[in-house]
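Notes to accompany the following structure.
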Amino acid sequence: MDWIATSWRAVGLVAVTATGMYAGLILVTRIAGLRSFSKMSSFDFAVTVAIGSVLAGAVIAEDPPLLQALAALAVLYTLQIGVAMARSRSKGVQRVVDNTPLLLMAGRDVLHHNLRAAQVTEADLRAKLREANVLTLDHVHAVVMETTGDISVLHGEPGAELDRALLQGVRGAERLPGP
């Protein structure tokens with residue numbers, strides 16, 4: 001039964017810390033802006049996971065360290081804002097921080113080498129096609145693994161032209177037919 005029991009002091013500290021962290025999270029999210037919880041880059045995702053970890057760690061610690069956790073949140077948000085600004089100003093920083101999108105299908109053709117590179121199975125690919133409401137492979141123009149790990153399915157009527165500008169920067173895009 002000891003694993004269930006706790007002191008009322010500990011419960012009170014958790015409540016105060018959780019409330020403080022919640023208020024702090026709202027404050028720094030409002031300051032940092034809309035990008036705070038985006039998945040636009042792998043760095044954004046990593047910061048979001050780290051923020052959740054700081055929040056959870058602070059709330060369940062034996063003596064919840066509210067000011068330390070708030071400082072950690074402030075540092076993570078500051079880093080996220082700094083990296084986002086550096087990414088927008090420098091291609092070098094962008095190359096270091098971001099993954100490159102990867103073509104997984106060119107029309108009906110599954111690019112098995114790219115699937116292996118992305119660690120995506122054919123079953124994963126079929127699931128994404130179904131999720132995108134693809135009814136026939138003839139409607140698939142391209143499938144891209146994005147920098148965030150999301151998979152985008154570009155599909156439409158057979159013969160419809162795919163705007164190549166949509167595939168700018170995608171590794172393997174040269175495999176697509178057309179101009």
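Lettering and numbering for the structure tokens are positional, with chains as A, B, ... in the shown order, residues counted from 1 in each chain, and ligands counted from 1 in the shown order.
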**Q.** Shell of 7 Å around Asp98 of chain A, only C-alpha atoms, local chain residues under 2 positions omitted, as a PyMOL selection string
**A.** chain A and resi 41-42+94-96+100+147
Q | Ala118 of chain A surroundings by only C-alpha atoms, 10 Å radius, close-in-sequence under 5 positions cut, as a VMD selection string | A | chain A and resid 101 to 104 112 to 113 145 149
How about saving the chosen residues, N, CA, C and O atoms kept, as a compact mmCIF listing (two decimals), in the first residue's frame?
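The result, stored in selection_25.txt:
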```
# COMPACT_ATOMS: atom_id res chain seq x y z
N PRO A 101 13.28 16.27 -47.53
CA PRO A 101 12.17 15.41 -47.93
C PRO A 101 12.63 14.38 -48.96
O PRO A 101 13.56 14.63 -49.73
N LEU A 102 11.98 13.21 -48.97
CA LEU A 102 12.41 12.09 -49.79
C LEU A 102 11.23 11.50 -50.54
O LEU A 102 10.19 11.22 -49.94
N LEU A 103 11.39 11.32 -51.85
CA LEU A 103 10.35 10.73 -52.67
C LEU A 103 10.26 9.23 -52.41
O LEU A 103 11.26 8.52 -52.52
N LEU A 104 9.07 8.76 -52.07
CA LEU A 104 8.86 7.33 -51.81
C LEU A 104 8.16 6.63 -52.97
O LEU A 104 8.36 5.43 -53.16
N HIS A 112 11.82 1.49 -53.70
CA HIS A 112 12.19 0.62 -52.58
C HIS A 112 13.46 1.09 -51.87
O HIS A 112 13.54 1.01 -50.63
N HIS A 113 14.42 1.58 -52.62
CA HIS A 113 15.66 2.07 -52.00
C HIS A 113 15.35 3.23 -51.06
O HIS A 113 15.89 3.32 -49.94
N MET A 145 8.11 11.62 -48.15
CA MET A 145 8.33 11.67 -46.71
C MET A 145 8.89 13.05 -46.42
O MET A 145 9.95 13.42 -46.91
N GLY A 149 8.79 13.85 -40.91
CA GLY A 149 8.46 12.44 -40.79
C GLY A 149 7.06 12.13 -41.27
O GLY A 149 6.68 10.97 -41.38
```
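In this model, the gap between atom CA of Ala165 of chain A and atom CA of Leu135 of chain A comes to 25.1 Å.
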Contacts of segment 69-160 of chain A with segment 24-32 of chain A up to 10 Å, shortest pair per row, only C-alpha atoms, as CSV:
```
residue,atom,partner,partner_atom,distance
A:Ala69,CA,A:Gly24,CA,9.3
A:Leu70,CA,A:Gly24,CA,6.5
A:Ala71,CA,A:Gly24,CA,9.6
A:Leu73,CA,A:Leu25,CA,7.4
A:Ala74,CA,A:Val28,CA,6.8
A:Leu76,CA,A:Val28,CA,9.9
A:Tyr77,CA,A:Ala32,CA,6.7
A:Thr78,CA,A:Ala32,CA,8.0
A:Gln80,CA,A:Ala32,CA,8.6
A:Ile81,CA,A:Ala32,CA,6.9
```
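Checking A:Ala106, A:Val16, A:Ala72, A:Pro65 one by one against Ser53 of chain A, counting only C-alpha atoms, you find the shortest gap at A:Ala72.
When only C-alpha atoms are used to compute distances to Ala23 of chain A, the closest of the residues A:Phe45, A:Leu154, A:Leu66, A:Arg108 turns out to be A:Leu66.
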Q) Can you list, as a PyMOL selection string, every residue of segment 27-130 of chain A that DSSP puts in helix (DSSP H, G or I)? A) chain A and resi 27-32+34-37+42-60+66-89+91-97+112-118+122-130
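The closest residue to Pro158 of chain A, picked from A:Met105, A:Asp138, A:Arg171, A:Ala123 and counting only C-alpha atoms, is A:Asp138.
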**Q.** Atomic distance atom CA of Phe43 of chain A - atom CA of Ala86 of chain A, expressed in Å with one decimal
**A.** 12.3 Å
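For the set A:Val97, A:Val110, A:Leu115, A:Leu55, the residue with the smallest atom-to-atom gap to Val140 of chain A is A:Val110, counting only C-alpha atoms.
Neighbouring residues of His141 of chain A at 10 Å or closer, counting only C-alpha atoms and skipping chain neighbours under 2 positions away, are Met105, Ala106, Gly107, Arg108, Asp109, Leu137, Asp138, His139, Val143, Val153, Leu154, His155, Gly156, Glu157, Pro158, Gly159, Ala160, Glu161, Leu162, Leu176 and Pro177 of chain A.
Of the residues in chain A, those that DSSP places in strand (DSSP E or B) on the basis of the backbone are Leu102, Leu103, Leu104, Met105, Ala106, Asp109, Val110, Val140, His141, Ala142, Val143, Val144, Met145, Ile151, Ser152, Val153, Leu154, His155 and Arg171 of chain A.
In this structure, atom CA of Leu67 of chain A sits 17.9 Å away from atom CA of Val11 of chain A.
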